[in-house]
Structure formats: structure tokens, C-alpha cells
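Student: Provided below: structure-v7.csv, containing CSV, N, CA and C atoms.
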```csv
chain,number,residue,atom,x,y,z
A,1431,MET,N,0.8,-1.2,0.0
A,1431,MET,CA,0.0,0.0,0.0
A,1431,MET,C,0.9,1.2,0.0
A,1432,ASN,N,0.4,2.3,-0.6
A,1432,ASN,CA,1.2,3.6,-0.6
A,1432,ASN,C,1.3,4.2,0.7
A,1433,GLU,N,2.4,4.9,0.9
A,1433,GLU,CA,2.5,5.7,2.2
A,1433,GLU,C,1.5,6.8,2.1
A,1434,VAL,N,0.8,7.1,3.3
A,1434,VAL,CA,-0.2,8.1,3.3
A,1434,VAL,C,0.4,9.4,3.7
A,1435,THR,N,0.1,10.4,2.8
A,1435,THR,CA,0.6,11.8,3.0
A,1435,THR,C,-0.6,12.6,3.5
A,1436,ARG,N,-0.5,13.1,4.7
A,1436,ARG,CA,-1.6,13.9,5.2
A,1436,ARG,C,-1.2,15.3,5.3
A,1437,THR,N,0.1,15.6,5.2
A,1437,THR,CA,0.5,17.0,5.3
A,1437,THR,C,1.3,17.5,4.1
A,1438,VAL,N,1.1,18.8,3.9
A,1438,VAL,CA,1.8,19.4,2.8
A,1438,VAL,C,2.3,20.8,3.3
A,1439,GLU,N,3.6,21.1,3.1
A,1439,GLU,CA,4.1,22.3,3.6
A,1439,GLU,C,4.5,23.2,2.4
A,1440,MET,N,4.2,24.5,2.5
A,1440,MET,CA,4.5,25.4,1.3
A,1440,MET,C,4.6,26.8,1.8
A,1441,ASN,N,5.3,27.6,1.0
A,1441,ASN,CA,5.3,29.1,1.2
A,1441,ASN,C,4.2,29.7,0.4
A,1442,VAL,N,3.5,30.6,0.9
A,1442,VAL,CA,2.4,31.3,0.2
A,1442,VAL,C,3.0,32.0,-1.0
A,1443,PRO,N,2.5,31.7,-2.2
A,1443,PRO,CA,3.0,32.4,-3.4
A,1443,PRO,C,2.4,33.8,-3.5
A,1444,PHE,N,3.1,34.7,-4.2
A,1444,PHE,CA,2.6,36.1,-4.4
A,1444,PHE,C,1.3,36.1,-5.1
A,1445,ARG,N,1.1,35.2,-6.1
A,1445,ARG,CA,-0.1,35.2,-6.9
A,1445,ARG,C,-1.4,35.1,-6.1
A,1446,ASP,N,-1.3,34.5,-4.9
A,1446,ASP,CA,-2.5,34.3,-4.1
A,1446,ASP,C,-2.8,35.4,-3.0
A,1447,VAL,N,-2.1,36.5,-3.2
A,1447,VAL,CA,-2.2,37.6,-2.2
A,1447,VAL,C,-2.9,38.8,-2.8
A,1448,ASP,N,-3.8,39.4,-2.1
A,1448,ASP,CA,-4.5,40.5,-2.6
A,1448,ASP,C,-3.7,41.8,-2.3
A,1449,MET,N,-4.3,43.0,-2.6
A,1449,MET,CA,-3.6,44.2,-2.5
A,1449,MET,C,-3.3,44.6,-1.0
A,1450,SER,N,-4.1,44.0,-0.1
A,1450,SER,CA,-3.9,44.3,1.3
A,1450,SER,C,-2.9,43.4,1.9
A,1451,GLY,N,-2.3,42.5,1.1
A,1451,GLY,CA,-1.3,41.6,1.6
A,1451,GLY,C,-1.8,40.3,2.2
A,1452,GLN,N,-3.1,40.0,2.1
A,1452,GLN,CA,-3.7,38.8,2.6
A,1452,GLN,C,-4.1,37.8,1.5
A,1453,VAL,N,-4.0,36.5,1.9
A,1453,VAL,CA,-4.4,35.5,0.9
A,1453,VAL,C,-5.8,35.6,0.6
A,1454,PHE,N,-6.1,35.4,-0.7
A,1454,PHE,CA,-7.5,35.4,-1.2
A,1454,PHE,C,-8.3,34.2,-0.5
A,1455,LEU,N,-9.5,34.4,-0.2
A,1455,LEU,CA,-10.3,33.3,0.5
A,1455,LEU,C,-10.3,32.1,-0.4
A,1456,GLY,N,-10.5,32.2,-1.7
A,1456,GLY,CA,-10.6,31.1,-2.6
A,1456,GLY,C,-9.3,30.2,-2.6
A,1457,SER,N,-8.2,30.9,-2.3
A,1457,SER,CA,-6.9,30.2,-2.3
A,1457,SER,C,-6.9,29.2,-1.1
A,1458,TYR,N,-7.5,29.5,0.0
A,1458,TYR,CA,-7.5,28.6,1.2
A,1458,TYR,C,-8.2,27.3,0.7
A,1459,ILE,N,-9.3,27.4,0.0
A,1459,ILE,CA,-10.1,26.3,-0.4
A,1459,ILE,C,-9.3,25.5,-1.5
A,1460,SER,N,-8.6,26.2,-2.4
A,1460,SER,CA,-7.8,25.5,-3.4
A,1460,SER,C,-6.7,24.8,-2.7
A,1461,TYR,N,-6.0,25.3,-1.8
A,1461,TYR,CA,-4.9,24.6,-1.0
A,1461,TYR,C,-5.5,23.4,-0.4
A,1462,ALA,N,-6.6,23.5,0.3
A,1462,ALA,CA,-7.2,22.4,1.0
A,1462,ALA,C,-7.6,21.3,0.0
A,1463,GLU,N,-8.2,21.6,-1.1
A,1463,GLU,CA,-8.5,20.6,-2.1
A,1463,GLU,C,-7.3,19.9,-2.6
A,1464,SER,N,-6.2,20.6,-2.8
A,1464,SER,CA,-5.0,19.9,-3.2
A,1464,SER,C,-4.4,19.0,-2.2
A,1465,VAL,N,-4.4,19.4,-0.9
A,1465,VAL,CA,-4.0,18.5,0.2
A,1465,VAL,C,-4.9,17.3,0.3
A,1466,LEU,N,-6.2,17.5,0.2
A,1466,LEU,CA,-7.1,16.4,0.3
A,1466,LEU,C,-6.9,15.4,-0.9
A,1467,ALA,N,-6.6,15.9,-2.1
A,1467,ALA,CA,-6.4,15.1,-3.3
A,1467,ALA,C,-5.1,14.2,-3.0
A,1468,THR,N,-4.1,14.8,-2.5
A,1468,THR,CA,-2.9,14.0,-2.1
A,1468,THR,C,-3.2,12.9,-1.1
A,1469,PHE,N,-3.9,13.3,-0.1
A,1469,PHE,CA,-4.3,12.3,0.9
A,1469,PHE,C,-5.1,11.2,0.3
A,1470,TRP,N,-6.1,11.6,-0.5
A,1470,TRP,CA,-7.1,10.6,-1.0
A,1470,TRP,C,-6.5,9.7,-2.0
A,1471,SER,N,-5.4,10.1,-2.7
A,1471,SER,CA,-4.7,9.2,-3.7
A,1471,SER,C,-4.1,8.0,-3.1
A,1472,SER,N,-4.0,7.9,-1.7
A,1472,SER,CA,-3.4,6.7,-1.1
A,1472,SER,C,-4.4,5.7,-0.6
A,1473,ARG,N,-5.7,6.0,-0.9
A,1473,ARG,CA,-6.8,5.1,-0.4
A,1473,ARG,C,-6.7,3.7,-1.1
A,1474,PRO,N,-7.3,2.7,-0.6
A,1474,PRO,CA,-7.4,1.4,-1.3
A,1474,PRO,C,-8.2,1.6,-2.6
A,1475,ARG,N,-7.8,1.1,-3.7
A,1475,ARG,CA,-8.5,1.2,-5.0
A,1475,ARG,C,-9.6,0.1,-5.1
A,1476,LEU,N,-10.7,0.5,-5.6
A,1476,LEU,CA,-11.8,-0.4,-5.7
A,1476,LEU,C,-12.3,-0.4,-7.2
A,1477,GLN,N,-12.7,-1.5,-7.7
A,1477,GLN,CA,-13.1,-1.6,-9.1
A,1477,GLN,C,-14.4,-0.8,-9.3
A,1478,ASP,N,-15.4,-1.0,-8.4
A,1478,ASP,CA,-16.7,-0.3,-8.5
A,1478,ASP,C,-16.8,0.9,-7.6
A,1479,GLU,N,-15.7,1.7,-7.5
A,1479,GLU,CA,-15.8,2.8,-6.6
A,1479,GLU,C,-16.8,3.8,-7.0
A,1480,PRO,N,-17.5,4.4,-6.0
A,1480,PRO,CA,-18.5,5.5,-6.4
A,1480,PRO,C,-17.8,6.8,-6.7
A,1481,LEU,N,-18.5,7.7,-7.3
A,1481,LEU,CA,-18.0,9.1,-7.4
A,1481,LEU,C,-18.1,9.8,-6.1
A,1482,TYR,N,-17.2,10.7,-5.8
A,1482,TYR,CA,-17.3,11.5,-4.6
A,1482,TYR,C,-17.5,12.9,-5.0
A,1483,ILE,N,-18.6,13.5,-4.6
A,1483,ILE,CA,-18.9,14.9,-5.0
A,1483,ILE,C,-19.0,15.8,-3.8
A,1484,ALA,N,-18.4,16.9,-3.8
A,1484,ALA,CA,-18.4,17.8,-2.7
A,1484,ALA,C,-19.8,18.3,-2.5
A,1485,SER,N,-20.3,18.3,-1.2
A,1485,SER,CA,-21.6,18.8,-0.9
A,1485,SER,C,-21.6,20.0,0.0
A,1486,LYS,N,-20.4,20.2,0.6
A,1486,LYS,CA,-20.2,21.3,1.5
A,1486,LYS,C,-18.8,21.7,1.6
A,1487,VAL,N,-18.5,23.0,1.5
A,1487,VAL,CA,-17.2,23.5,1.8
A,1487,VAL,C,-17.3,24.8,2.6
A,1488,THR,N,-16.6,24.8,3.8
A,1488,THR,CA,-16.6,26.0,4.6
A,1488,THR,C,-15.1,26.3,5.0
A,1489,CYS,N,-14.9,27.5,5.2
A,1489,CYS,CA,-13.5,28.0,5.6
A,1489,CYS,C,-13.7,28.9,6.8
A,1490,ILE,N,-12.9,28.5,7.9
A,1490,ILE,CA,-12.9,29.4,9.1
A,1490,ILE,C,-11.5,30.0,9.1
A,1491,LEU,N,-11.4,31.3,9.1
A,1491,LEU,CA,-10.1,32.0,9.2
A,1491,LEU,C,-9.9,32.4,10.7
A,1492,HIS,N,-8.8,32.0,11.2
A,1492,HIS,CA,-8.4,32.4,12.5
A,1492,HIS,C,-7.5,33.6,12.5
A,1493,ARG,N,-6.7,33.7,11.4
A,1493,ARG,CA,-5.9,34.8,11.1
A,1493,ARG,C,-5.4,34.8,9.7
A,1494,PRO,N,-5.3,35.9,9.0
A,1494,PRO,CA,-5.0,35.8,7.6
A,1494,PRO,C,-3.6,35.3,7.4
A,1495,MET,N,-3.4,34.6,6.2
A,1495,MET,CA,-2.0,34.3,5.8
A,1495,MET,C,-1.5,35.3,4.9
A,1496,HIS,N,-0.2,35.4,4.8
A,1496,HIS,CA,0.4,36.5,4.0
A,1496,HIS,C,1.5,35.9,3.1
A,1497,TYR,N,1.9,36.7,2.1
A,1497,TYR,CA,2.9,36.3,1.1
A,1497,TYR,C,4.2,35.7,1.8
A,1498,ASP,N,4.6,34.6,1.3
A,1498,ASP,CA,5.9,33.9,1.7
A,1498,ASP,C,5.9,33.3,3.1
A,1499,GLU,N,4.7,33.3,3.8
A,1499,GLU,CA,4.7,32.6,5.1
A,1499,GLU,C,4.8,31.1,4.8
A,1500,ARG,N,5.4,30.4,5.7
A,1500,ARG,CA,5.5,28.9,5.6
A,1500,ARG,C,4.3,28.3,6.3
A,1501,VAL,N,3.5,27.6,5.6
A,1501,VAL,CA,2.3,27.0,6.1
A,1501,VAL,C,2.3,25.5,6.0
A,1502,LEU,N,1.9,24.9,7.1
A,1502,LEU,CA,1.7,23.4,7.1
A,1502,LEU,C,0.2,23.1,7.1
A,1503,PHE,N,-0.2,22.4,6.0
A,1503,PHE,CA,-1.5,22.0,5.8
A,1503,PHE,C,-1.6,20.5,6.2
A,1504,THR,N,-2.7,20.1,7.0
A,1504,THR,CA,-2.8,18.8,7.5
A,1504,THR,C,-4.3,18.3,7.2
A,1505,ALA,N,-4.4,17.2,6.5
A,1505,ALA,CA,-5.8,16.7,6.3
A,1505,ALA,C,-6.1,15.6,7.3
A,1506,SER,N,-7.3,15.7,7.8
A,1506,SER,CA,-7.8,14.7,8.8
A,1506,SER,C,-9.3,14.4,8.5
A,1507,VAL,N,-9.7,13.2,8.9
A,1507,VAL,CA,-11.0,12.8,8.7
A,1507,VAL,C,-11.8,13.2,9.9
A,1508,ASP,N,-12.9,14.0,9.7
A,1508,ASP,CA,-13.6,14.6,10.8
A,1508,ASP,C,-14.8,13.7,11.1
A,1509,LYS,N,-15.6,13.2,10.1
A,1509,LYS,CA,-16.7,12.4,10.4
A,1509,LYS,C,-17.0,11.5,9.2
A,1510,ILE,N,-17.5,10.3,9.5
A,1510,ILE,CA,-17.8,9.3,8.5
A,1510,ILE,C,-19.3,9.0,8.7
A,1511,GLY,N,-20.0,9.2,7.6
A,1511,GLY,CA,-21.5,8.9,7.6
A,1511,GLY,C,-21.7,7.7,6.8
A,1512,VAL,N,-23.0,7.3,6.6
A,1512,VAL,CA,-23.3,6.2,5.8
A,1512,VAL,C,-23.0,6.5,4.3
A,1513,ARG,N,-23.3,7.7,3.8
A,1513,ARG,CA,-23.1,8.0,2.4
A,1513,ARG,C,-22.2,9.2,2.2
A,1514,SER,N,-21.5,9.6,3.3
A,1514,SER,CA,-20.6,10.8,3.1
A,1514,SER,C,-19.4,10.7,4.1
A,1515,VAL,N,-18.5,11.5,3.8
A,1515,VAL,CA,-17.3,11.6,4.6
A,1515,VAL,C,-16.9,13.1,4.7
A,1516,GLY,N,-16.5,13.5,5.9
A,1516,GLY,CA,-16.2,14.9,6.2
A,1516,GLY,C,-14.7,15.0,6.5
A,1517,PHE,N,-14.0,16.0,5.9
A,1517,PHE,CA,-12.6,16.2,6.2
A,1517,PHE,C,-12.4,17.6,6.7
A,1518,ILE,N,-11.4,17.7,7.6
A,1518,ILE,CA,-10.9,19.1,8.0
A,1518,ILE,C,-9.5,19.2,7.5
A,1519,ILE,N,-9.2,20.2,6.8
A,1519,ILE,CA,-7.8,20.5,6.4
A,1519,ILE,C,-7.4,21.8,7.2
A,1520,SER,N,-6.4,21.6,8.1
A,1520,SER,CA,-6.0,22.7,8.9
A,1520,SER,C,-4.8,23.4,8.2
A,1521,ALA,N,-4.6,24.7,8.5
A,1521,ALA,CA,-3.5,25.4,8.0
A,1521,ALA,C,-2.8,26.1,9.2
A,1522,ASP,N,-1.6,25.7,9.5
A,1522,ASP,CA,-0.8,26.2,10.7
A,1522,ASP,C,0.4,26.9,10.2
A,1523,ILE,N,0.7,28.0,10.9
A,1523,ILE,CA,2.0,28.7,10.7
A,1523,ILE,C,2.7,28.7,12.1
A,1524,GLY,N,3.7,27.9,12.1
A,1524,GLY,CA,4.4,27.7,13.4
A,1524,GLY,C,3.4,27.0,14.4
A,1525,ASP,N,3.2,27.5,15.5
A,1525,ASP,CA,2.3,27.0,16.5
A,1525,ASP,C,0.9,27.6,16.4
A,1526,GLU,N,0.7,28.4,15.4
A,1526,GLU,CA,-0.6,29.2,15.3
A,1526,GLU,C,-1.5,28.6,14.2
A,1527,ARG,N,-2.7,28.4,14.6
A,1527,ARG,CA,-3.7,27.9,13.6
A,1527,ARG,C,-4.2,29.1,12.8
A,1528,ALA,N,-4.0,29.1,11.4
A,1528,ALA,CA,-4.4,30.2,10.6
A,1528,ALA,C,-5.8,30.0,10.0
A,1529,ALA,N,-6.1,28.7,9.7
A,1529,ALA,CA,-7.4,28.5,9.0
A,1529,ALA,C,-7.8,27.0,9.1
A,1530,GLU,N,-9.0,26.7,8.9
A,1530,GLU,CA,-9.5,25.3,8.8
A,1530,GLU,C,-10.5,25.3,7.7
A,1531,VAL,N,-10.4,24.3,6.8
A,1531,VAL,CA,-11.4,24.2,5.7
A,1531,VAL,C,-12.0,22.8,5.9
A,1532,GLU,N,-13.4,22.9,6.0
A,1532,GLU,CA,-14.2,21.6,6.1
A,1532,GLU,C,-14.7,21.3,4.7
A,1533,ILE,N,-14.5,20.1,4.3
A,1533,ILE,CA,-15.0,19.6,3.0
A,1533,ILE,C,-15.8,18.3,3.2
A,1534,ILE,N,-17.0,18.3,2.8
A,1534,ILE,CA,-17.8,17.0,2.9
A,1534,ILE,C,-18.1,16.5,1.5
A,1535,TRP,N,-17.8,15.2,1.4
A,1535,TRP,CA,-18.0,14.5,0.1
A,1535,TRP,C,-19.1,13.5,0.3
A,1536,GLN,N,-20.0,13.5,-0.7
A,1536,GLN,CA,-21.1,12.4,-0.8
A,1536,GLN,C,-20.7,11.4,-1.8
A,1537,ALA,N,-20.9,10.1,-1.5
A,1537,ALA,CA,-20.7,9.0,-2.4
A,1537,ALA,C,-21.9,8.9,-3.3
A,1538,ARG,N,-21.6,8.9,-4.6
A,1538,ARG,CA,-22.7,8.8,-5.6
A,1538,ARG,C,-22.5,7.7,-6.6
A,1539,SER,N,-23.6,7.1,-7.1
A,1539,SER,CA,-23.5,6.1,-8.1
A,1539,SER,C,-22.9,6.7,-9.4
A,1540,ARG,N,-22.1,5.9,-10.0
A,1540,ARG,CA,-21.5,6.4,-11.3
A,1540,ARG,C,-22.6,6.4,-12.4
A,1541,GLU,N,-23.6,5.5,-12.3
A,1541,GLU,CA,-24.6,5.4,-13.3
A,1541,GLU,C,-25.6,6.5,-13.3
A,1542,ASP,N,-26.3,6.8,-12.2
A,1542,ASP,CA,-27.3,7.8,-12.1
A,1542,ASP,C,-27.1,8.9,-11.1
A,1543,ARG,N,-25.9,8.9,-10.5
A,1543,ARG,CA,-25.5,10.0,-9.5
A,1543,ARG,C,-26.4,10.0,-8.3
A,1544,SER,N,-27.1,8.9,-8.0
A,1544,SER,CA,-27.9,8.8,-6.8
A,1544,SER,C,-26.9,8.5,-5.6
A,1545,PRO,N,-27.3,8.9,-4.4
A,1545,PRO,CA,-26.4,8.7,-3.2
A,1545,PRO,C,-26.3,7.1,-3.0
A,1546,VAL,N,-25.1,6.7,-2.6
A,1546,VAL,CA,-24.8,5.3,-2.3
A,1546,VAL,C,-24.0,5.2,-1.0
A,1547,PRO,N,-24.0,4.1,-0.4
A,1547,PRO,CA,-23.2,4.0,0.9
A,1547,PRO,C,-21.7,4.0,0.5
A,1548,LEU,N,-20.9,4.5,1.5
A,1548,LEU,CA,-19.5,4.4,1.3
A,1548,LEU,C,-19.1,2.9,1.3
A,1549,PRO,N,-18.2,2.5,0.4
A,1549,PRO,CA,-17.7,1.1,0.4
A,1549,PRO,C,-17.1,0.7,1.7
A,1550,GLU,N,-17.3,-0.5,2.2
A,1550,GLU,CA,-16.7,-0.9,3.5
A,1550,GLU,C,-15.2,-0.8,3.5
A,1551,LEU,N,-14.5,-1.1,2.5
A,1551,LEU,CA,-13.1,-1.0,2.5
A,1551,LEU,C,-12.6,0.4,2.7
A,1552,THR,N,-13.3,1.3,2.0
A,1552,THR,CA,-13.0,2.7,2.1
A,1552,THR,C,-13.3,3.2,3.5
A,1553,ARG,N,-14.4,2.9,4.0
A,1553,ARG,CA,-14.8,3.3,5.4
A,1553,ARG,C,-13.8,2.8,6.4
A,1554,ASP,N,-13.4,1.5,6.3
A,1554,ASP,CA,-12.4,1.0,7.2
A,1554,ASP,C,-11.1,1.8,7.1
A,1555,TRP,N,-10.6,2.1,5.9
A,1555,TRP,CA,-9.4,2.9,5.7
A,1555,TRP,C,-9.6,4.3,6.3
A,1556,LEU,N,-10.7,4.9,6.1
A,1556,LEU,CA,-10.9,6.3,6.7
A,1556,LEU,C,-10.9,6.3,8.2
A,1557,TYR,N,-11.4,5.3,8.9
A,1557,TYR,CA,-11.4,5.2,10.3
A,1557,TYR,C,-10.0,5.3,10.9
A,1558,GLY,N,-9.0,4.9,10.1
A,1558,GLY,CA,-7.6,5.0,10.6
A,1558,GLY,C,-7.1,6.4,10.7
A,1559,PHE,N,-7.9,7.4,10.2
A,1559,PHE,CA,-7.4,8.8,10.1
A,1559,PHE,C,-8.4,9.8,10.8
A,1560,VAL,N,-9.3,9.2,11.6
A,1560,VAL,CA,-10.2,10.1,12.4
A,1560,VAL,C,-9.4,10.7,13.5
A,1561,ASP,N,-9.4,12.0,13.6
A,1561,ASP,CA,-8.7,12.7,14.7
A,1561,ASP,C,-9.7,13.0,15.9
```
Is it possible to give me this structure as C-alpha cells?

Tutor:
Amino acid sequence: MNEVTRTVEMNVPFRDVDMSGQVFLGSYISYAESVLATFWSSRPRLQDEPLYIASKVTCILHRPMHYDERVLFTASVDKIGVRSVGFIISADIGDERAAEVEIIWQARSREDRSPVPLPELTRDWLYGFVD
């Protein structure tokens, strides 16, 4: 099985900073989606895997991030439902929490996009990452 990467460290690029020197809100979500994609890529592969569609995205800012700050993003599993899974991606600068992005995915049928239960193997894998 692949090694599971739950953290990504980066410096905030200039392109993601507005005229007041703060990171654009959309960038927090973009960073979180990238970290989640890295984490998700190490899940067990299933032949009949459902689609996972975002049903909720929220961002809580504790303090704005700025150009060239070193940020550690960490993905964790927040909640596991019958047909959905919730993730929290935290953004920390040193010992200070800058932001948290919550992303909830719903499992959907590939055929008709109707809600389906999370596969048991996926659910078992996710439980290993509940914080």
C-alpha cells in the first residue's frame, strides 16, 4: 500500500495575495482541495468505486495568511457517515492555527448519480485517520 501523506508544507505564493497583503479566500479552499487530493490518492483502490462529490465547503479563518509565510496543511477525517465523509484541512503557521477548511463529500452512483453507501473497505481505511 502507498504511504499516506496527510501533510503538505509550502510558502504562500505572491499570486495568491490581494492588495492588502492577505491570501484570497478562494486560495484557502484551493490549497485544502490539493492537500485532500494528495491524501485521497493513497486510499485502497476499488473496481466499483463510487464518485465522490463535494456537498459542503466551509472555511474558518483564525488569522489571515500572507505572502511567503511557511504554512503546514494537514488533512484529517472529521466524520464518517453512511453516504458521506467529512474532512478538515488545517493550516498552521508555526504553533498558530491560521485556518480550517471543512470539505464534505457524498458518495454517488456512477450510473445515475444517486447517493450510495461508502464502500466498506474505504470506510475502514478512513477510520484510521479520524482525529

Student: At what distance in Å, to one decimal, does atom N of Lys1509 in chain A lie from atom N of Leu1548 in chain A?

Tutor: 13.3 Å

Student: Go through range 1457-1524 of chain A residue by residue and, counting all atoms listed in the file, keep those with an atom at most 8 Å from range 1555-1558 of chain A; for each kept residue give the shortest atom pair and its distance in Å to one decimal, ordered by chain and increasing number, as CSV.

Tutor:
```
residue,atom,partner,partner_atom,distance
A:Arg1473,CA,A:Trp1555,CA,7.0
A:Pro1474,N,A:Trp1555,CA,6.6
A:Val1507,CA,A:Leu1556,C,6.5
A:Ile1510,CA,A:Leu1556,C,7.5
```

Student: Near range 1495-1506 of chain A, counting only N, CA and C atoms, which residues have an atom at most 8 Å away, once you skip same-chain residues fewer than 6 positions from it, shown as an MDAnalysis selection string?

Tutor: chainID A and resid 1435:1448 1450:1454 1461:1462 1465:1466 1469 1516:1524 1528:1529 1559:1561

Student: Can you work out which one of A:Val1515, A:Met1449, A:Leu1551, A:Ile1490 has the shortest atom-to-atom distance to Val1531 in chain A, counting only C-alpha atoms?

Tutor: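 Residue with the minimum atom-to-atom distance to Val1531 in chain A: A:Ile1490.
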
Student: Please return as a list in words: the residues of chain A that backbone DSSP assigns to helix (DSSP H, G or I).

Tutor: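 So the helix (DSSP H, G or I) residues in chain A would be Phe1444, Arg1445, Asp1446, Leu1455, Gly1456, Ser1457, Tyr1458, Ile1459, Ser1460, Tyr1461, Ala1462, Glu1463, Ser1464, Val1465, Leu1466, Ala1467, Thr1468, Phe1469, Trp1470, Glu1550, Leu1551, Thr1552, Arg1553, Asp1554, Trp1555, Leu1556 and Tyr1557 of chain A.
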
Student: Any idea what the distance is between CA of Ser1544 in chain A and atom C of Leu1476 in chain A?

Tutor: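 Interatomic distance, CA of Ser1544 in chain A to atom C of Leu1476 in chain A: 18.1 Å.
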
Student: To one decimal in Å, tell me the separation between atom C of Gly1456 in chain A and atom C of Arg1527 in chain A.

Tutor: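 Answer for the atom C of Gly1456 in chain A to atom C of Arg1527 in chain A separation: 16.3 Å.
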
Student: Which residue, A:Pro1545, A:Glu1550, A:Arg1538, A:Glu1530, has the smallest gap to Ile1483 in chain A when you use all atoms listed in the file?

Tutor: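 Using all atoms listed in the file, the shortest distance to Ile1483 in chain A belongs to A:Arg1538.
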
Student: Check the smallest atom-to-atom distance from each of A:Val1487, A:Ile1459, A:Ala1467, A:Leu1481 to Arg1543 in chain A using only C-alpha atoms, then report the winner.

Tutor: A:Leu1481

Student: Restricting the calculation to only N, CA and C atoms, which member of A:Arg1475, A:Leu1455, A:Trp1470, A:Ser1485 is positioned closest to Ile1534 in chain A?

Tutor: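 Ranked by minimum distance to Ile1534 in chain A, first place goes to A:Ser1485.
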
Student: Run DSSP on the backbone and give me the residues of chain A it puts in strand (DSSP E or B), as a VMD selection string.

Tutor: chain A and resid 1437 to 1441 1447 1452 to 1453 1481 to 1491 1496 1500 to 1510 1514 to 1523 1526 to 1538 1545 1560

Student: Compare A:Arg1553, A:Glu1526, A:Ser1539, A:Gln1477 by their minimum atom-to-atom distance to Arg1493 in chain A, counting only N, CA and C atoms, and give me the closest one.

Tutor: A:Glu1526

Student: As a PyMOL selection string, please: the residues near Val1546 in chain A (cut-off 7 Å, all atoms listed in the file, same-chain neighbours under 6 positions excluded).

Tutor: chain A and resi 1512-1514+1536-1539

Student: How big is the axis-aligned box around all listed atoms of range 1448-1452 of chain A once 3 Å goes on each side, and where's its centre, in Å to one decimal, as lines of an AutoDock Vina configuration file?

Tutor:
```
center_x = -2.9
center_y = 41.2
center_z = 0.0
size_x = 9.2
size_y = 12.8
size_z = 11.2
```
